[in-house]
$ cat work07.pdb   # PDB, C-alpha atoms
ATOM      1  CA  MET A  30     -14.783  -8.239  -5.656
ATOM      2  CA  MET A  31     -12.114  -7.221  -3.166
ATOM      3  CA  ASN A  32     -11.333  -9.643  -0.382
ATOM      4  CA  ARG A  33     -13.241  -8.416   2.701
ATOM      5  CA  ASP A  34     -10.458  -9.695   4.970
ATOM      6  CA  ALA A  35      -7.979  -7.443   3.161
ATOM      7  CA  ILE A  36     -10.235  -4.395   3.570
ATOM      8  CA  GLY A  37     -10.736  -5.081   7.280
ATOM      9  CA  LEU A  38      -7.038  -5.686   7.824
ATOM     10  CA  LEU A  39      -6.159  -2.450   6.011
ATOM     11  CA  GLY A  40      -8.462  -0.564   8.395
ATOM     12  CA  LEU A  41      -6.781  -2.237  11.383
ATOM     13  CA  ILE A  42      -3.332  -1.327  10.043
ATOM     14  CA  GLN A  43      -4.469   2.304   9.630
ATOM     15  CA  ARG A  44      -5.792   2.438  13.199
ATOM     16  CA  SER A  45      -2.536   0.979  14.542
ATOM     17  CA  ARG A  46      -0.577   3.725  12.745
ATOM     18  CA  ARG A  47       1.465   1.283  10.668
ATOM     19  CA  LEU A  48       0.315   2.794   7.368
ATOM     20  CA  ILE A  49       1.741   5.786   5.495
ATOM     21  CA  SER A  50       0.460   7.601   2.418
ATOM     22  CA  GLY A  51       1.272  10.464   0.076
ATOM     23  CA  GLU A  52       4.884  11.514  -0.390
ATOM     24  CA  GLU A  53       5.859   9.428   2.635
ATOM     25  CA  VAL A  54       5.375   6.228   0.593
ATOM     26  CA  ILE A  55       8.364   6.865  -1.688
ATOM     27  CA  LYS A  56      10.503   8.126   1.211
ATOM     28  CA  GLY A  57       9.614   5.030   3.228
ATOM     29  CA  ILE A  58      10.536   2.715   0.346
ATOM     30  CA  GLN A  59      13.909   4.430  -0.051
ATOM     31  CA  LYS A  60      14.603   4.232   3.696
ATOM     32  CA  HIS A  61      13.720   0.498   3.759
ATOM     33  CA  GLN A  62      10.847   1.163   6.202
ATOM     34  CA  VAL A  63       8.108  -0.267   3.974
ATOM     35  CA  TYR A  64       7.152  -3.935   3.589
ATOM     36  CA  LEU A  65       4.180  -3.689   1.204
ATOM     37  CA  VAL A  66       2.739  -0.998  -1.056
ATOM     38  CA  VAL A  67      -0.940  -0.895  -2.041
ATOM     39  CA  ILE A  68      -1.502   1.051  -5.273
ATOM     40  CA  ALA A  69      -4.929   2.228  -6.450
ATOM     41  CA  LYS A  70      -5.817   0.714  -9.834
ATOM     42  CA  GLU A  71      -7.151   4.089 -10.961
ATOM     43  CA  CYS A  72      -4.057   6.146 -10.146
ATOM     44  CA  GLY A  73      -2.261   8.007 -12.926
ATOM     45  CA  ASN A  74       0.251   6.281 -15.164
ATOM     46  CA  ASN A  75       3.162   8.430 -13.955
ATOM     47  CA  ILE A  76       2.483   7.708 -10.289
ATOM     48  CA  ARG A  77       1.926   4.009 -10.979
ATOM     49  CA  LYS A  78       5.196   3.700 -12.917
ATOM     50  CA  LYS A  79       7.179   5.641 -10.314
ATOM     51  CA  LEU A  80       5.845   3.487  -7.456
ATOM     52  CA  MET A  81       6.317   0.214  -9.342
ATOM     53  CA  ASP A  82       9.879   1.168 -10.324
ATOM     54  CA  LYS A  83      10.790   2.134  -6.727
ATOM     55  CA  CYS A  84       9.238  -1.063  -5.370
ATOM     56  CA  THR A  85      11.066  -3.191  -7.925
ATOM     57  CA  TYR A  86      14.423  -1.494  -7.286
ATOM     58  CA  TYR A  87      14.134  -1.724  -3.484
ATOM     59  CA  GLU A  88      12.519  -5.200  -3.664
ATOM     60  CA  VAL A  89       9.277  -4.168  -1.945
ATOM     61  CA  PRO A  90       6.179  -6.175  -2.948
ATOM     62  CA  TYR A  91       3.156  -4.251  -4.214
ATOM     63  CA  VAL A  92      -0.468  -5.028  -4.952
ATOM     64  CA  PHE A  93      -3.309  -3.211  -6.692
ATOM     65  CA  MET A  94      -6.686  -2.316  -5.211
ATOM     66  CA  ASP A  95      -9.723  -0.314  -6.303
ATOM     67  CA  ARG A  96      -9.312   3.287  -5.160
ATOM     68  CA  GLU A  97     -12.819   3.377  -3.691
ATOM     69  CA  ALA A  98     -12.185   0.260  -1.575
ATOM     70  CA  LEU A  99      -8.751   1.526  -0.522
ATOM     71  CA  ASN A 100     -10.073   4.883   0.634
ATOM     72  CA  GLN A 101     -13.076   3.313   2.349
ATOM     73  CA  ALA A 102     -10.804   0.887   4.221
ATOM     74  CA  ILE A 103      -8.503   3.600   5.571
ATOM     75  CA  GLY A 104     -11.177   6.267   6.038
ATOM     76  CA  THR A 105      -9.729   8.915   3.725
ATOM     77  CA  LYS A 106     -10.504  10.425   0.360
ATOM     78  CA  ASN A 107      -8.521  10.228  -2.846
ATOM     79  CA  ARG A 108      -5.371   8.284  -1.904
ATOM     80  CA  SER A 109      -3.431   6.772  -4.805
ATOM     81  CA  ALA A 110      -1.179   4.574  -2.710
ATOM     82  CA  VAL A 111      -0.428   3.545   0.852
ATOM     83  CA  ALA A 112       2.455   1.625   2.372
ATOM     84  CA  ILE A 113       2.582  -0.793   5.300
ATOM     85  CA  THR A 114       5.451  -0.189   7.732
ATOM     86  CA  ASP A 115       4.989  -3.323   9.845
ATOM     87  CA  GLN A 116       6.388  -6.601   8.508
ATOM     88  CA  GLY A 117       3.811  -8.847  10.193
ATOM     89  CA  PHE A 118       0.854  -6.798   8.932
ATOM     90  CA  ALA A 119       2.408  -6.651   5.464
ATOM     91  CA  GLN A 120       2.820 -10.432   5.282
ATOM     92  CA  LYS A 121      -0.747 -11.027   6.473
ATOM     93  CA  LEU A 122      -2.186  -8.504   3.998
ATOM     94  CA  HIS A 123      -0.118  -9.924   1.131
ATOM     95  CA  ALA A 124      -1.414 -13.403   2.007
ATOM     96  CA  CYS A 125      -4.996 -12.059   1.684
ATOM     97  CA  TRP A 126      -4.282 -11.108  -1.920
ATOM     98  CA  LYS A 127      -2.710 -14.447  -2.765
ATOM     99  CA  GLY A 128      -5.794 -16.231  -1.458
TER     100      GLY A 128
END
$ encode --input "work07.pdb" --output "structure tokens"
Amino acid sequence: MMNRDAIGLLGLIQRSRRLISGEEVIKGIQKHQVYLVVIAKECGNNIRKKLMDKCTYYEVPYVFMDREALNQAIGTKNRSAVAITDQGFAQKLHACWKG
């Protein structure tokens, strides 16, 4: 079961416009504008590997989340990954995953 705090916080981050998705995720990682990447567990192997490799190279932490919960939290359909562009939000969200 996904941490309800993490889902609520993700929605707050979306509403505060500190969340990017789609092609912007990789661009944001490369421009050092991203502090945390959330990857859907159900995304394709190629996308998962590409995102994990970029995050590892640029030293950006990443976590996995069920796609359904991710999309419900941010109010969209069919997103494979999102990135947090605010350091404070990213640290708080990462702490939710650690417990």
$ closest_residue --input "work07.pdb" --among "A:Glu88, A:Asp34, A:Asp95, A:Glu53" --to "Leu122 of chain A" --atoms "only C-alpha atoms"
A:Asp34
$ resolve_selection --input "work07.pdb" --expression "the PyMOL selection byres ((chain A and resi 109-116) around 7)" --output "ChimeraX atom specification"
/A:47-51,54,62-69,72,96,107-108,117-120
$ residues_around --input "work07.pdb" --residues "segment 81-84 of chain A" --least-positions-apart "2" --cutoff "9 Å" --atoms "all atoms listed in the file" --output "list in words"
Ile55, Ile58, Gln59, Leu65, Val66, Ile68, Ile76, Arg77, Lys78, Lys79, Tyr86, Tyr87, Glu88, Val89, Pro90 and Tyr91 of chain A
$ write_last_selection --input "work07.pdb" --atoms "C-alpha atoms" --output "PDB file, in the coordinates of the input"
ATOM      1  CA  ILE A  55       8.364   6.865  -1.688  1.00  0.00           C
ATOM      2  CA  ILE A  58      10.536   2.715   0.346  1.00  0.00           C
ATOM      3  CA  GLN A  59      13.909   4.430  -0.051  1.00  0.00           C
ATOM      4  CA  LEU A  65       4.180  -3.689   1.204  1.00  0.00           C
ATOM      5  CA  VAL A  66       2.739  -0.998  -1.056  1.00  0.00           C
ATOM      6  CA  ILE A  68      -1.502   1.051  -5.273  1.00  0.00           C
ATOM      7  CA  ILE A  76       2.483   7.708 -10.289  1.00  0.00           C
ATOM      8  CA  ARG A  77       1.926   4.009 -10.979  1.00  0.00           C
ATOM      9  CA  LYS A  78       5.196   3.700 -12.917  1.00  0.00           C
ATOM     10  CA  LYS A  79       7.179   5.641 -10.314  1.00  0.00           C
ATOM     11  CA  TYR A  86      14.423  -1.494  -7.286  1.00  0.00           C
ATOM     12  CA  TYR A  87      14.134  -1.724  -3.484  1.00  0.00           C
ATOM     13  CA  GLU A  88      12.519  -5.200  -3.664  1.00  0.00           C
ATOM     14  CA  VAL A  89       9.277  -4.168  -1.945  1.00  0.00           C
ATOM     15  CA  PRO A  90       6.179  -6.175  -2.948  1.00  0.00           C
ATOM     16  CA  TYR A  91       3.156  -4.251  -4.214  1.00  0.00           C
TER      17      TYR A  91
END
$ closest_residue --input "work07.pdb" --among "A:Thr85, A:Asn75, A:Asn32, A:Gln43" --to "Ile103 of chain A" --atoms "only C-alpha atoms"
A:Gln43
$ axis_aligned_box --input "work07.pdb" --around "segment 110-124 of chain A" --padding-each-side "6 Å" --output "AutoDock Vina command-line options"
--center_x 2.1 --center_y -4.4 --center_z 3.7 --size_x 20.6 --size_y 30.0 --size_z 24.9
$ closest_residue --input "work07.pdb" --among "A:Met94, A:Lys106, A:Leu80, A:Arg44" --to "Gly57 of chain A" --atoms "only C-alpha atoms"
A:Leu80
$ atom_distance --input "work07.pdb" --atom1 "atom CA of Lys127 of chain A" --atom2 "atom CA of Ala35 of chain A"
10.6 Å
$ atom_distance --input "work07.pdb" --atom1 "atom CA of Asn74 of chain A" --atom2 "atom CA of His61 of chain A"
23.9 Å
$ atom_distance --input "work07.pdb" --atom1 "atom CA of Lys60 of chain A" --atom2 "atom CA of Leu99 of chain A"
23.9 Å
$ build_atoms --input "work07.pdb" --residues "segment 81-117 of chain A" --atoms "N, CA and C atoms" --output "PDB file, keeping the file's coordinate frame"
ATOM      1  N   MET A  81       5.910   1.564  -8.945  1.00  0.00           N
ATOM      2  CA  MET A  81       6.317   0.214  -9.342  1.00  0.00           C
ATOM      3  C   MET A  81       7.834   0.130  -9.520  1.00  0.00           C
ATOM      4  N   ASP A  82       8.423   1.156 -10.128  1.00  0.00           N
ATOM      5  CA  ASP A  82       9.879   1.168 -10.324  1.00  0.00           C
ATOM      6  C   ASP A  82      10.619   1.208  -8.988  1.00  0.00           C
ATOM      7  N   LYS A  83      10.155   2.054  -8.054  1.00  0.00           N
ATOM      8  CA  LYS A  83      10.790   2.134  -6.727  1.00  0.00           C
ATOM      9  C   LYS A  83      10.667   0.800  -5.999  1.00  0.00           C
ATOM     10  N   CYS A  84       9.453   0.220  -6.049  1.00  0.00           N
ATOM     11  CA  CYS A  84       9.238  -1.063  -5.370  1.00  0.00           C
ATOM     12  C   CYS A  84      10.124  -2.154  -5.952  1.00  0.00           C
ATOM     13  N   THR A  85      10.238  -2.189  -7.270  1.00  0.00           N
ATOM     14  CA  THR A  85      11.066  -3.191  -7.925  1.00  0.00           C
ATOM     15  C   THR A  85      12.532  -3.006  -7.534  1.00  0.00           C
ATOM     16  N   TYR A  86      13.024  -1.769  -7.595  1.00  0.00           N
ATOM     17  CA  TYR A  86      14.423  -1.494  -7.286  1.00  0.00           C
ATOM     18  C   TYR A  86      14.754  -1.854  -5.837  1.00  0.00           C
ATOM     19  N   TYR A  87      13.885  -1.479  -4.908  1.00  0.00           N
ATOM     20  CA  TYR A  87      14.134  -1.724  -3.484  1.00  0.00           C
ATOM     21  C   TYR A  87      13.556  -3.061  -3.002  1.00  0.00           C
ATOM     22  N   GLU A  88      13.042  -3.860  -3.932  1.00  0.00           N
ATOM     23  CA  GLU A  88      12.519  -5.200  -3.664  1.00  0.00           C
ATOM     24  C   GLU A  88      11.396  -5.186  -2.617  1.00  0.00           C
ATOM     25  N   VAL A  89      10.453  -4.269  -2.809  1.00  0.00           N
ATOM     26  CA  VAL A  89       9.277  -4.168  -1.945  1.00  0.00           C
ATOM     27  C   VAL A  89       8.083  -4.701  -2.739  1.00  0.00           C
ATOM     28  N   PRO A  90       7.345  -5.675  -2.209  1.00  0.00           N
ATOM     29  CA  PRO A  90       6.179  -6.175  -2.948  1.00  0.00           C
ATOM     30  C   PRO A  90       5.078  -5.117  -3.014  1.00  0.00           C
ATOM     31  N   TYR A  91       4.280  -5.180  -4.079  1.00  0.00           N
ATOM     32  CA  TYR A  91       3.156  -4.251  -4.214  1.00  0.00           C
ATOM     33  C   TYR A  91       1.956  -4.985  -4.785  1.00  0.00           C
ATOM     34  N   VAL A  92       0.788  -4.467  -4.465  1.00  0.00           N
ATOM     35  CA  VAL A  92      -0.468  -5.028  -4.952  1.00  0.00           C
ATOM     36  C   VAL A  92      -1.361  -3.874  -5.411  1.00  0.00           C
ATOM     37  N   PHE A  93      -2.375  -4.215  -6.199  1.00  0.00           N
ATOM     38  CA  PHE A  93      -3.309  -3.211  -6.692  1.00  0.00           C
ATOM     39  C   PHE A  93      -4.670  -3.402  -6.051  1.00  0.00           C
ATOM     40  N   MET A  94      -5.375  -2.292  -5.855  1.00  0.00           N
ATOM     41  CA  MET A  94      -6.686  -2.316  -5.211  1.00  0.00           C
ATOM     42  C   MET A  94      -7.529  -1.194  -5.804  1.00  0.00           C
ATOM     43  N   ASP A  95      -8.841  -1.388  -5.848  1.00  0.00           N
ATOM     44  CA  ASP A  95      -9.723  -0.314  -6.303  1.00  0.00           C
ATOM     45  C   ASP A  95      -9.576   0.882  -5.378  1.00  0.00           C
ATOM     46  N   ARG A  96      -9.500   2.079  -5.964  1.00  0.00           N
ATOM     47  CA  ARG A  96      -9.312   3.287  -5.160  1.00  0.00           C
ATOM     48  C   ARG A  96     -10.443   3.457  -4.150  1.00  0.00           C
ATOM     49  N   GLU A  97     -11.669   3.206  -4.584  1.00  0.00           N
ATOM     50  CA  GLU A  97     -12.819   3.377  -3.691  1.00  0.00           C
ATOM     51  C   GLU A  97     -12.703   2.467  -2.462  1.00  0.00           C
ATOM     52  N   ALA A  98     -12.338   1.206  -2.683  1.00  0.00           N
ATOM     53  CA  ALA A  98     -12.185   0.260  -1.575  1.00  0.00           C
ATOM     54  C   ALA A  98     -11.008   0.655  -0.676  1.00  0.00           C
ATOM     55  N   LEU A  99      -9.931   1.096  -1.282  1.00  0.00           N
ATOM     56  CA  LEU A  99      -8.751   1.526  -0.522  1.00  0.00           C
ATOM     57  C   LEU A  99      -9.101   2.686   0.401  1.00  0.00           C
ATOM     58  N   ASN A 100      -9.731   3.702  -0.156  1.00  0.00           N
ATOM     59  CA  ASN A 100     -10.073   4.883   0.634  1.00  0.00           C
ATOM     60  C   ASN A 100     -11.137   4.583   1.685  1.00  0.00           C
ATOM     61  N   GLN A 101     -12.058   3.709   1.371  1.00  0.00           N
ATOM     62  CA  GLN A 101     -13.076   3.313   2.349  1.00  0.00           C
ATOM     63  C   GLN A 101     -12.413   2.561   3.510  1.00  0.00           C
ATOM     64  N   ALA A 102     -11.474   1.694   3.196  1.00  0.00           N
ATOM     65  CA  ALA A 102     -10.804   0.887   4.221  1.00  0.00           C
ATOM     66  C   ALA A 102     -10.012   1.746   5.204  1.00  0.00           C
ATOM     67  N   ILE A 103      -9.355   2.794   4.687  1.00  0.00           N
ATOM     68  CA  ILE A 103      -8.503   3.600   5.571  1.00  0.00           C
ATOM     69  C   ILE A 103      -9.181   4.885   6.028  1.00  0.00           C
ATOM     70  N   GLY A 104     -10.411   5.117   5.568  1.00  0.00           N
ATOM     71  CA  GLY A 104     -11.177   6.267   6.038  1.00  0.00           C
ATOM     72  C   GLY A 104     -10.691   7.608   5.540  1.00  0.00           C
ATOM     73  N   THR A 105     -10.166   7.648   4.310  1.00  0.00           N
ATOM     74  CA  THR A 105      -9.729   8.915   3.725  1.00  0.00           C
ATOM     75  C   THR A 105     -10.352   9.076   2.349  1.00  0.00           C
ATOM     76  N   LYS A 106     -10.030  10.186   1.715  1.00  0.00           N
ATOM     77  CA  LYS A 106     -10.504  10.425   0.360  1.00  0.00           C
ATOM     78  C   LYS A 106      -9.313  10.559  -0.580  1.00  0.00           C
ATOM     79  N   ASN A 107      -9.432   9.970  -1.734  1.00  0.00           N
ATOM     80  CA  ASN A 107      -8.521  10.228  -2.846  1.00  0.00           C
ATOM     81  C   ASN A 107      -7.051   9.884  -2.609  1.00  0.00           C
ATOM     82  N   ARG A 108      -6.759   8.747  -2.030  1.00  0.00           N
ATOM     83  CA  ARG A 108      -5.371   8.284  -1.904  1.00  0.00           C
ATOM     84  C   ARG A 108      -5.044   7.393  -3.097  1.00  0.00           C
ATOM     85  N   SER A 109      -3.862   7.592  -3.670  1.00  0.00           N
ATOM     86  CA  SER A 109      -3.431   6.772  -4.805  1.00  0.00           C
ATOM     87  C   SER A 109      -2.626   5.564  -4.361  1.00  0.00           C
ATOM     88  N   ALA A 110      -1.995   5.687  -3.203  1.00  0.00           N
ATOM     89  CA  ALA A 110      -1.179   4.574  -2.710  1.00  0.00           C
ATOM     90  C   ALA A 110      -0.967   4.719  -1.213  1.00  0.00           C
ATOM     91  N   VAL A 111      -0.794   3.574  -0.566  1.00  0.00           N
ATOM     92  CA  VAL A 111      -0.428   3.545   0.852  1.00  0.00           C
ATOM     93  C   VAL A 111       0.648   2.487   1.025  1.00  0.00           C
ATOM     94  N   ALA A 112       1.389   2.593   2.111  1.00  0.00           N
ATOM     95  CA  ALA A 112       2.455   1.625   2.372  1.00  0.00           C
ATOM     96  C   ALA A 112       2.346   1.128   3.805  1.00  0.00           C
ATOM     97  N   ILE A 113       2.635  -0.156   3.990  1.00  0.00           N
ATOM     98  CA  ILE A 113       2.582  -0.793   5.300  1.00  0.00           C
ATOM     99  C   ILE A 113       3.994  -0.805   5.883  1.00  0.00           C
ATOM    100  N   THR A 114       4.126  -0.299   7.116  1.00  0.00           N
ATOM    101  CA  THR A 114       5.451  -0.189   7.732  1.00  0.00           C
ATOM    102  C   THR A 114       5.710  -1.261   8.784  1.00  0.00           C
ATOM    103  N   ASP A 115       4.818  -2.227   8.895  1.00  0.00           N
ATOM    104  CA  ASP A 115       4.989  -3.323   9.845  1.00  0.00           C
ATOM    105  C   ASP A 115       5.089  -4.635   9.061  1.00  0.00           C
ATOM    106  N   GLN A 116       6.143  -5.392   9.288  1.00  0.00           N
ATOM    107  CA  GLN A 116       6.388  -6.601   8.508  1.00  0.00           C
ATOM    108  C   GLN A 116       5.293  -7.653   8.700  1.00  0.00           C
ATOM    109  N   GLY A 117       4.851  -7.859   9.920  1.00  0.00           N
ATOM    110  CA  GLY A 117       3.811  -8.847  10.193  1.00  0.00           C
ATOM    111  C   GLY A 117       2.503  -8.509   9.496  1.00  0.00           C
TER     112      GLY A 117
END
